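Next up, target31.cif (mmCIF, C-alpha atoms):
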data_final
loop_
_atom_site.label_atom_id
_atom_site.label_comp_id
_atom_site.auth_asym_id
_atom_site.auth_seq_id
_atom_site.Cartn_x
_atom_site.Cartn_y
_atom_site.Cartn_z
CA MET A 1 109.08 107.54 -190.87
CA GLY A 2 105.75 109.33 -191.36
CA GLU A 3 102.45 108.13 -189.99
CA LYS A 4 100.91 105.32 -192.02
CA ARG A 5 98.04 106.63 -194.09
CA ARG A 6 94.65 104.99 -194.12
CA LYS A 7 93.93 102.94 -197.25
CA ILE A 8 90.59 103.47 -198.98
CA ARG A 9 89.09 101.55 -201.87
CA LEU A 10 87.31 103.87 -204.28
CA GLN A 11 85.35 103.84 -207.52
CA PHE A 12 83.79 106.50 -209.75
CA ALA A 13 80.53 105.86 -211.58
CA ASP A 14 78.08 107.57 -213.93
CA PHE A 15 80.23 110.55 -214.87
CA ASN A 16 80.40 112.28 -218.23
CA PRO A 17 82.50 110.20 -220.68
CA ALA A 18 85.16 112.94 -220.68
CA PHE A 19 85.74 112.55 -216.93
CA ASP A 20 89.32 111.54 -216.06
CA ARG A 21 89.40 109.56 -212.84
CA GLU A 22 93.12 110.23 -212.37
CA HIS A 23 92.89 114.00 -212.74
CA ASN A 24 90.05 115.60 -210.82
CA ASP A 25 89.42 117.39 -207.53
CA PHE A 26 88.14 114.29 -205.74
CA ILE A 27 91.17 112.11 -206.28
CA ARG A 28 93.59 114.99 -205.81
CA PHE A 29 92.18 115.97 -202.42
CA LEU A 30 91.78 112.38 -201.23
CA ARG A 31 95.35 111.43 -202.15
CA GLU A 32 96.64 114.35 -200.09
CA ARG A 33 95.35 112.54 -197.00
CA TYR A 34 94.77 108.85 -197.80
CA ASP A 35 96.27 105.92 -199.67
CA VAL A 36 93.66 105.57 -202.45
CA GLU A 37 93.29 102.55 -204.70
CA PHE A 38 90.65 102.01 -207.37
CA SER A 39 88.65 98.85 -206.89
CA ASP A 40 85.75 96.99 -208.46
CA HIS A 41 84.74 96.16 -204.89
CA PRO A 42 84.98 99.63 -203.35
CA ASP A 43 84.20 100.88 -199.89
CA TYR A 44 83.17 104.21 -201.42
CA VAL A 45 81.72 105.21 -204.78
CA ILE A 46 81.50 108.80 -205.99
CA TYR A 47 78.85 109.00 -208.69
CA SER A 48 77.07 111.51 -210.88
CA VAL A 49 73.94 111.73 -213.03
CA PHE A 50 74.86 109.94 -216.26
CA GLY A 51 73.68 106.41 -215.55
CA TYR A 52 72.80 103.78 -212.95
CA GLN A 53 76.08 101.96 -212.40
CA HIS A 54 76.27 103.28 -208.82
CA LEU A 55 73.40 100.96 -207.92
CA ASP A 56 75.75 98.00 -208.41
CA TYR A 57 77.88 99.12 -205.44
CA ASP A 58 76.49 98.37 -201.99
CA CYS A 59 78.92 100.68 -200.22
CA ILE A 60 79.12 104.30 -199.11
CA ARG A 61 77.68 106.33 -202.00
CA ILE A 62 78.59 109.98 -202.49
CA PHE A 63 76.54 111.91 -205.04
CA TYR A 64 78.00 114.75 -207.11
CA THR A 65 76.41 116.84 -209.83
CA GLY A 66 77.36 119.81 -211.97
CA GLU A 67 73.84 119.73 -213.40
CA CYS A 68 70.55 121.06 -212.07
CA VAL A 69 69.61 117.87 -210.24
CA VAL A 70 68.43 117.44 -206.65
CA PRO A 71 70.14 114.58 -204.73
CA ASP A 72 68.10 111.49 -203.92
CA PHE A 73 69.04 110.67 -200.35
CA ASN A 74 67.42 107.24 -200.66
CA GLU A 75 70.18 106.35 -203.13
CA CYS A 76 73.14 108.18 -201.61
CA ASP A 77 74.69 108.39 -198.16
CA TYR A 78 76.15 111.85 -198.81
CA ALA A 79 75.72 114.49 -201.47
CA PHE A 80 76.79 117.91 -202.50
CA GLY A 81 74.89 120.05 -204.97
CA PHE A 82 73.23 123.41 -205.52
CA ASP A 83 70.21 123.46 -203.20
CA ARG A 84 70.34 125.71 -200.14
CA ILE A 85 69.19 123.02 -197.74
CA SER A 86 70.38 121.43 -194.52
CA PHE A 87 70.37 117.65 -194.14
CA GLY A 88 72.40 116.84 -191.08
CA ASP A 89 75.93 115.71 -191.92
CA ARG A 90 74.83 114.23 -195.25
CA TYR A 91 74.80 117.31 -197.47
CA ARG A 92 76.87 120.35 -198.37
CA ARG A 93 76.02 123.09 -200.84
CA ILE A 94 79.06 123.49 -203.11
CA PRO A 95 78.26 125.65 -206.15
CA PHE A 96 79.90 124.66 -209.42
CA TYR A 97 82.11 127.74 -209.44
CA LEU A 98 84.00 126.22 -206.48
CA LEU A 99 84.88 123.04 -208.36
CA HIS A 100 87.52 121.84 -210.80
CA GLU A 101 89.10 124.43 -213.11
CA TYR A 102 86.39 126.96 -212.28
CA ARG A 103 87.69 127.48 -208.73
CA LYS A 104 90.53 129.61 -210.05
CA GLY A 105 88.03 132.16 -211.31
CA TYR A 106 86.49 132.45 -207.86
CA LEU A 107 89.90 132.68 -206.21
CA ASP A 108 90.67 135.58 -208.55
CA LEU A 109 87.52 137.34 -207.32
CA LEU A 110 88.75 137.08 -203.74
CA LYS A 111 91.85 139.09 -204.61
CA GLU A 112 91.95 142.89 -204.63
CA ARG A 113 90.35 144.03 -207.87
CA ARG A 114 91.67 146.73 -210.16
CA ILE A 115 89.61 149.79 -211.10
CA VAL A 116 88.01 149.92 -214.55
CA THR A 117 88.60 153.38 -216.00
CA ARG A 118 86.33 155.59 -218.08
CA GLU A 119 88.69 155.27 -221.04
CA GLU A 120 88.58 151.49 -220.83
CA TRP A 121 84.77 151.51 -220.76
CA ARG A 122 84.62 153.73 -223.83
CA SER A 123 87.00 151.49 -225.80
CA ARG A 124 84.98 148.32 -225.36
CA LYS A 125 82.48 146.67 -227.68
CA PHE A 126 78.90 146.27 -226.53
CA CYS A 127 78.05 142.73 -225.36
CA ASN A 128 79.12 139.10 -225.71
CA PHE A 129 77.31 135.77 -225.52
CA VAL A 130 79.21 132.46 -225.09
CA VAL A 131 76.98 129.37 -225.19
CA SER A 132 77.58 125.92 -226.66
CA ASN A 133 74.55 123.99 -225.42
CA CYS A 134 71.60 124.27 -227.80
CA PHE A 135 69.39 122.03 -225.63
CA ALA A 136 68.86 124.42 -222.72
CA GLU A 137 65.79 126.55 -222.06
CA ASP A 138 65.19 128.79 -225.04
CA VAL A 139 65.17 131.98 -222.93
CA ARG A 140 68.88 132.43 -223.66
CA ALA A 141 68.32 132.62 -227.39
CA GLN A 142 65.26 134.82 -226.88
CA PHE A 143 67.20 137.33 -224.82
CA TYR A 144 70.17 137.26 -227.20
CA GLN A 145 67.90 138.01 -230.16
CA LYS A 146 66.01 140.77 -228.34
CA LEU A 147 69.19 142.50 -227.20
CA SER A 148 70.67 142.19 -230.69
CA THR A 149 67.96 144.49 -232.03
CA TYR A 150 69.58 147.29 -229.99
CA LYS A 151 73.23 146.65 -230.86
CA GLN A 152 75.19 143.69 -232.17
CA VAL A 153 75.86 141.01 -229.60
CA ASP A 154 78.93 138.91 -230.46
CA SER A 155 78.30 135.21 -229.93
CA GLY A 156 81.55 133.33 -229.34
CA GLY A 157 80.27 129.87 -228.42
CA ARG A 158 79.25 126.99 -230.66
CA TYR A 159 75.57 127.97 -230.42
CA LEU A 160 74.42 130.94 -232.56
CA ASN A 161 78.05 131.74 -233.33
CA ASN A 162 78.57 134.92 -235.35
CA VAL A 163 82.31 135.58 -234.93
CA GLY A 164 83.70 133.03 -237.37
CA GLY A 165 83.98 130.09 -235.00
CA PRO A 166 84.14 129.21 -231.29
CA VAL A 167 86.58 131.28 -229.26
CA GLU A 168 89.57 129.51 -227.74
CA ASN A 169 89.72 131.52 -224.50
CA LYS A 170 86.48 132.76 -222.97
CA GLU A 171 88.09 135.26 -220.58
CA SER A 172 90.21 136.87 -223.30
CA PHE A 173 87.11 137.16 -225.47
CA GLN A 174 84.85 138.59 -222.75
CA LYS A 175 87.24 141.24 -221.44
CA ASP A 176 86.78 143.35 -224.59
CA TYR A 177 83.07 143.90 -223.87
CA ARG A 178 80.98 146.09 -221.61
CA PHE A 179 78.37 143.41 -220.89
CA SER A 180 78.25 139.61 -220.81
CA ILE A 181 75.06 137.60 -221.13
CA ALA A 182 75.50 135.13 -218.25
CA PHE A 183 72.47 132.84 -218.40
CA GLU A 184 72.31 129.44 -216.73
CA ASN A 185 70.92 126.42 -218.58
CA THR A 186 67.77 126.80 -216.51
CA SER A 187 66.34 128.88 -213.68
CA TYR A 188 66.27 127.16 -210.30
CA LYS A 189 66.92 128.42 -206.78
CA GLY A 190 70.48 127.60 -205.81
CA TYR A 191 71.63 126.50 -209.28
CA LEU A 192 74.62 128.77 -209.75
CA THR A 193 77.55 127.82 -211.98
CA GLU A 194 80.70 129.50 -213.27
CA LYS A 195 78.93 131.78 -215.75
CA ILE A 196 78.57 134.86 -213.56
CA VAL A 197 82.07 134.33 -212.14
CA ASP A 198 83.53 134.23 -215.65
CA ALA A 199 81.92 137.59 -216.43
CA PHE A 200 83.12 139.18 -213.17
CA ARG A 201 86.61 137.83 -213.74
CA ALA A 202 86.73 139.47 -217.19
CA TYR A 203 85.65 142.82 -215.67
CA THR A 204 82.42 143.01 -217.64
CA ILE A 205 78.91 143.62 -216.30
CA PRO A 206 77.06 140.27 -216.09
CA ILE A 207 73.48 140.20 -217.31
CA TYR A 208 72.43 137.25 -215.20
CA TYR A 209 69.53 134.79 -215.36
CA GLY A 210 69.31 131.53 -213.44
CA ASP A 211 69.32 131.40 -209.65
CA PRO A 212 66.60 133.80 -208.39
CA ASP A 213 68.57 134.04 -205.13
CA VAL A 214 71.93 134.78 -206.79
CA SER A 215 72.31 137.90 -204.63
CA LEU A 216 72.85 135.64 -201.62
CA ASP A 217 76.20 134.72 -203.18
CA PHE A 218 77.08 137.82 -205.19
CA ASN A 219 76.69 141.55 -204.65
CA ALA A 220 73.43 142.69 -206.27
CA LYS A 221 75.00 146.08 -207.07
CA ALA A 222 77.70 144.44 -209.22
CA PHE A 223 75.53 142.94 -211.97
CA ILE A 224 72.17 143.14 -213.75
CA ASN A 225 69.84 140.50 -212.37
CA CYS A 226 67.05 139.59 -214.80
CA HIS A 227 65.00 138.32 -211.86
CA ASP A 228 64.69 141.90 -210.59
CA PHE A 229 62.66 142.92 -213.66
CA SER A 230 59.16 142.10 -214.86
CA ASP A 231 60.31 140.85 -218.27
CA PHE A 232 63.21 140.90 -220.71
CA ASP A 233 62.02 144.15 -222.29
CA ASP A 234 62.53 145.87 -218.94
CA VAL A 235 65.94 144.25 -218.57
CA ILE A 236 67.00 145.52 -221.98
CA ALA A 237 65.71 149.02 -221.21
CA TYR A 238 67.98 149.06 -218.16
CA VAL A 239 70.94 147.69 -220.16
CA LYS A 240 70.47 150.58 -222.60
CA GLN A 241 70.43 153.02 -219.67
CA VAL A 242 73.69 151.62 -218.26
CA ASP A 243 75.27 151.53 -221.70
CA ALA A 244 74.56 155.25 -222.14
CA ASP A 245 75.52 156.36 -218.61
CA GLU A 246 79.24 156.03 -217.95
CA ASP A 247 78.95 156.98 -214.30
CA LEU A 248 76.33 154.32 -213.63
CA ALA A 249 78.29 151.71 -215.61
CA LEU A 250 81.52 152.36 -213.72
CA GLU A 251 79.69 152.30 -210.41
CA ILE A 252 78.46 148.78 -211.23
CA LEU A 253 81.75 147.59 -212.72
CA ASN A 254 83.84 148.71 -209.75
CA GLN A 255 81.75 147.05 -207.07
CA ASN A 256 83.21 144.14 -205.11
CA PRO A 257 81.27 141.20 -206.60
CA ILE A 258 81.42 138.98 -203.51
CA GLN A 259 78.40 139.03 -201.23
CA ASP A 260 79.00 135.84 -199.25
CA ARG A 261 82.64 134.80 -199.12
CA LYS A 262 82.80 131.04 -199.75
CA ASN A 263 85.47 128.59 -198.71
CA PRO A 264 87.15 127.69 -202.03
CA TYR A 265 88.08 124.30 -200.58
CA GLU A 266 84.68 123.35 -199.20
CA LEU A 267 84.80 120.13 -201.23
CA LYS A 268 88.04 119.05 -199.58
CA ASP A 269 86.67 119.70 -196.09
CA PHE A 270 83.47 117.78 -196.80
CA LEU A 271 85.32 114.80 -198.28
CA TYR A 272 87.58 114.61 -195.23
CA GLU A 273 84.59 114.68 -192.89
CA ILE A 274 83.16 111.68 -194.75
CA PHE A 275 86.33 109.63 -195.22
CA ASP A 276 87.67 110.26 -191.70
CA ARG A 277 84.67 108.43 -190.25
CA ASP A 278 84.92 104.78 -189.35
CA LEU A 279 83.60 102.85 -192.33
CA LYS A 280 81.07 100.93 -190.22
CA GLU A 281 79.65 104.17 -188.87
CA ALA A 282 79.67 106.15 -192.12
CA GLY A 283 76.51 104.71 -193.70
CA ARG A 284 73.54 107.07 -193.81
CA ARG A 285 71.06 105.98 -196.48
CA PRO A 286 68.05 103.78 -195.66
CA HIS A 287 68.04 100.10 -196.61
CA SER A 288 64.29 99.56 -196.36
CA ILE A 289 62.18 97.25 -198.51
CA ASN A 290 60.78 100.24 -200.39
CA VAL A 291 64.23 101.58 -201.24
CA ARG A 292 65.46 98.16 -202.40
CA GLN A 293 62.39 97.81 -204.63
CA TYR A 294 62.97 101.27 -206.07
CA GLU A 295 66.60 100.46 -206.89
CA ALA A 296 65.53 97.17 -208.50
CA MET A 297 63.13 99.13 -210.72
CA LEU A 298 65.93 101.49 -211.79
CA LYS A 299 68.14 98.53 -212.66
CA ARG A 300 65.37 97.08 -214.84
CA HIS A 301 65.13 100.41 -216.61
CA ARG A 302 68.88 100.49 -217.21
CA PHE A 303 68.77 98.14 -220.22
CA PHE A 304 66.29 100.35 -222.05
CA GLU A 305 68.28 103.48 -221.17
CA HIS A 306 71.62 102.15 -222.42
CA GLU A 307 70.62 99.97 -225.35
CA ILE A 308 67.66 101.85 -226.85
CA TYR A 309 67.17 105.38 -225.58
CA ARG A 310 70.77 106.61 -225.52
CA PRO A 311 71.54 105.63 -229.15
CA TYR A 312 68.29 107.33 -230.17
CA ARG A 313 69.16 110.50 -228.20
CA LYS A 314 72.62 110.63 -229.74
CA ILE A 315 71.11 110.77 -233.22
CA ALA A 316 68.38 113.21 -232.13
CA ASN A 317 70.92 115.50 -230.47
CA THR A 318 73.07 115.60 -233.60
CA MET A 319 70.00 116.50 -235.66
CA LYS A 320 69.15 119.27 -233.18
CA ARG A 321 72.64 120.74 -233.47
CA LEU A 322 72.45 120.66 -237.26
CA GLU A 323 68.98 122.22 -237.20
CA THR A 324 70.12 125.10 -234.97
CA GLY A 325 73.41 125.62 -236.80
CA THR A 326 75.42 124.72 -233.70
CA ILE A 327 79.08 123.97 -234.34
CA LEU A 328 79.43 120.34 -233.32
CA ARG A 329 82.67 120.62 -231.42
CA ARG A 330 85.18 123.24 -230.39
CA PRO A 331 88.74 122.02 -231.12
CA GLY A 332 90.50 120.74 -228.00
CA SER A 333 87.46 120.91 -225.74
CA THR A 334 85.81 118.17 -223.67
CA ASP A 335 82.23 116.99 -224.01
CA GLU A 336 81.38 118.62 -220.69
CA GLN A 337 82.73 121.98 -221.86
CA ASN A 338 80.86 121.62 -225.15
CA ASN A 339 77.55 121.21 -223.33
CA ARG A 340 77.77 124.22 -221.02
#

Structure re-expressed in structure tokens:
Amino acid sequence: MGEKRRKIRLQFADFNPAFDREHNDFIRFLRERYDVEFSDHPDYVIYSVFGYQHLDYDCIRIFYTGECVVPDFNECDYAFGFDRISFGDRYRRIPFYLLHEYRKGYLDLLKERRIVTREEWRSRKFCNFVVSNCFAEDVRAQFYQKLSTYKQVDSGGRYLNNVGGPVENKESFQKDYRFSIAFENTSYKGYLTEKIVDAFRAYTIPIYYGDPDVSLDFNAKAFINCHDFSDFDDVIAYVKQVDADEDLALEILNQNPIQDRKNPYELKDFLYEIFDRDLKEAGRRPHSINVRQYEAMLKRHRFFEHEIYRPYRKIANTMKRLETGTILRRPGSTDEQNNR
């Protein structure tokens, strides 16, 4: 008989409505090592940014975000996110491209890459743009419109779509282009998602905007970093130069994109460090009067958030999508995918 596995009581809270608690990285990794049961009286709660339910659980709290949000270590015992910070054993930087279905793209980058040929470069269309979130910083639309004055940029997402509808497979769509506009929802140091990885994986040249320190993760010679230029006009001038110079383009395309080789299973390692600890010794967050008062204030705010503000935002968001001509939903996609 095998060794008896430790039983843990777990709950998820404040995730996107499309989140499936039975099919995700957290539960998959934890069940490889522990006997996990879901409980309304958990010993651990893993929570995200879409609500305040986590405040109802006075247990070990583990914060996760795929959004540009800094963890509040007064609320959580442990966290992983985007910031390049050290916080003892309570925090681990795990970029979004190492999570969920996006990890496969990064694993593909770790393999030996094929060489893009001159003939392949010549056969490709100019540039693609795949965005579905019309609520992000408007710099994405600004750059798309500026670059489109040079040559047509094909937009395959729900936002600013000009190819007859949202594409079903992003990689298949991108691989037919020389360049990919790979802009994050916002610019913030450390905030680095799957967008640049998707472009690398499709063997296009990413035109990247987002994390000013992106070259700490990825080879600066393998993409066009908007943060290296004074403005978008200078970026576009360089894109034109690369587009016209096959030698320069192939030099960029055939670079190894990895600058800092990450552990694709960093999440698993961090979870095991947390859950292997004795439950009585695992707590890290403060339980001071000030923190309790702050949490009580958030709970008071919760009624307004759920009953008044959220219904209003749902209507306002729909109006924004209609105003911008954004296709409301791509068939077969989740809400999280539709908002990226």

One decimal place gives the CA of Arg90 in chain A-CA of Asp278 in chain A separation as 15.0 Å

Length of the CA of Ser86 in chain A to CA of Arg285 in chain A vector [Å] = 15.6 Å

Spell out the residues picked by the PyMOL selection byres ((chain A and resi 267-272) around 9) here, as a ChimeraX atom specification.
-> /A:25-26,29-30,33,80,91-92,94,98-99,263-266,273-277

Shell of 12 Å around range 38-47 of chain A, only C-alpha atoms, local chain residues under 6 positions omitted, as a ChimeraX atom specification | /A:7-16,19,21-22,24-27,30-31,53-66,71,75-80,271,274-275,278-280,282-283

Name every residue that the PyMOL selection byres ((chain A and resi 96) around 10) selects in this structure, writing the answer as a PyMOL selection string with chains first and numbers rising.
-> chain A and resi 65-67+81-82+93-95+97-103+191-195

So what do you get for CA of Ser48 in chain A versus CA of Val69 in chain A, distance-wise?
->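 Computing it gives 9.8 Å between the two atoms.
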
With only C-alpha atoms as the atoms that count, which of A:Gly157, A:Pro286, A:Pro311, A:Pro257 lies nearest to Glu112 in chain A?
-> A:Pro257

Using all atoms listed in the file, pick whichever of A:Tyr177, A:Phe50, A:Asn185, A:Gly164 has the shortest atom-to-atom distance to Cys68 in chain A.
->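 Ranking A:Tyr177, A:Phe50, A:Asn185, A:Gly164 by distance to Cys68 in chain A, first place goes to A:Asn185.
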
Compile the contact shell of Asp217 in chain A as an MDAnalysis selection string: residues with an atom at most 7 Å away, counting only C-alpha atoms, same-chain residues fewer than 3 positions apart removed.
-> chainID A and resid 214 258:260

What residues come out when you apply the PyMOL selection byres ((chain A and resi 125) around 9) to this file, written as JSON, numbers by chain?
-> {"A": [121, 122, 123, 124, 126, 127, 128, 153, 154, 176, 177, 178, 179]}

Report, as AutoDock Vina command-line options, the centre and edge lengths in Å (one decimal) of the axis-aligned box enclosing every listed atom of range 6-25 of chain A, padded by 5 Å on each side.
--center_x 86.4 --center_y 109.5 --center_z -207.4 --size_x 26.6 --size_y 25.8 --size_z 36.6

Exercise: Ser155 in chain A partners within 8 Å, all atoms listed in the file, chain neighbours under 4 positions left out, as a PyMOL selection string = chain A and resi 128-131+159-163

Point out the residue among A:Phe143, A:Phe218, A:Tyr312, A:Phe200 with the least atom-to-atom distance to Val235 in chain A, counting all atoms listed in the file.
->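 Checking each of A:Phe143, A:Phe218, A:Tyr312, A:Phe200 against Val235 in chain A, counting all atoms listed in the file, the winner is A:Phe143.
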
So which one's closest to Ile236 in chain A, A:Lys146, A:Lys170, A:Gly105, A:His23? Using all atoms listed in the file, please.
->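 Closest to Ile236 in chain A of all the choices is A:Lys146.
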
Of the listed residues A:Gln293, A:Leu107, A:Leu322, A:Arg284, that which approaches Asp89 in chain A most closely, counting all atoms listed in the file =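 Looking only at the distances to Asp89 in chain A, the closest residue turns out to be A:Arg284.
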
Could you name the residues that touch Val116 in chain A at 12 Å or less, counting all atoms listed in the file, but leaving out those on the same chain fewer than 6 positions away, as a list of chain:residue names?
-> A:Arg122, A:Ser123, A:Arg124, A:Lys175, A:Arg178, A:Phe200, A:Ala202, A:Tyr203, A:Thr204, A:Ile205, A:Glu246, A:Asp247, A:Ala249, A:Leu250, A:Glu251, A:Ile252, A:Leu253, A:Asn254, A:Gln255

Which residue of A:Tyr188, A:Tyr52, A:Ala316, A:Ala220 approaches Phe304 in chain A most closely, using only C-alpha atoms | A:Tyr52

Student task, range 122-160 of chain A output with C-alpha atoms as a short mmCIF file (atom, residue, chain, number, x, y, z; two decimals), in the first residue's frame:
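Saved to part07.cif:
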data_model
loop_
_atom_site.label_atom_id
_atom_site.label_comp_id
_atom_site.auth_asym_id
_atom_site.auth_seq_id
_atom_site.Cartn_x
_atom_site.Cartn_y
_atom_site.Cartn_z
CA ARG A 122 8.69 37.12 -48.63
CA SER A 123 5.47 35.08 -48.77
CA ARG A 124 3.96 36.56 -45.62
CA LYS A 125 1.45 39.36 -45.19
CA PHE A 126 2.48 42.46 -43.29
CA CYS A 127 1.14 42.57 -39.70
CA ASN A 128 -1.63 41.24 -37.48
CA PHE A 129 -3.45 42.54 -34.41
CA VAL A 130 -5.53 40.25 -32.16
CA VAL A 131 -7.36 42.06 -29.35
CA SER A 132 -10.78 41.47 -27.83
CA ASN A 133 -10.76 43.85 -24.87
CA CYS A 134 -11.99 47.32 -25.80
CA PHE A 135 -11.57 48.63 -22.23
CA ALA A 136 -7.77 48.67 -22.09
CA GLU A 137 -5.50 51.69 -22.50
CA ASP A 138 -6.19 53.28 -25.86
CA VAL A 139 -2.52 53.11 -26.93
CA ARG A 140 -3.22 49.79 -28.65
CA ALA A 141 -5.81 51.30 -30.96
CA GLN A 142 -3.62 54.36 -31.51
CA PHE A 143 -0.67 52.25 -32.61
CA TYR A 144 -2.85 50.00 -34.77
CA GLN A 145 -4.29 53.03 -36.58
CA LYS A 146 -0.90 54.68 -37.05
CA LEU A 147 0.70 51.53 -38.43
CA SER A 148 -2.28 50.96 -40.72
CA THR A 149 -1.44 54.18 -42.58
CA TYR A 150 1.71 52.41 -43.83
CA LYS A 151 0.20 49.05 -44.80
CA GLN A 152 -2.96 47.18 -43.89
CA VAL A 153 -2.88 45.57 -40.47
CA ASP A 154 -5.27 42.61 -40.21
CA SER A 155 -7.23 42.66 -36.96
CA GLY A 156 -8.42 39.18 -36.02
CA GLY A 157 -9.84 39.78 -32.54
CA ARG A 158 -13.27 41.01 -31.51
CA TYR A 159 -12.00 44.60 -31.17
CA LEU A 160 -11.51 46.58 -34.42
#
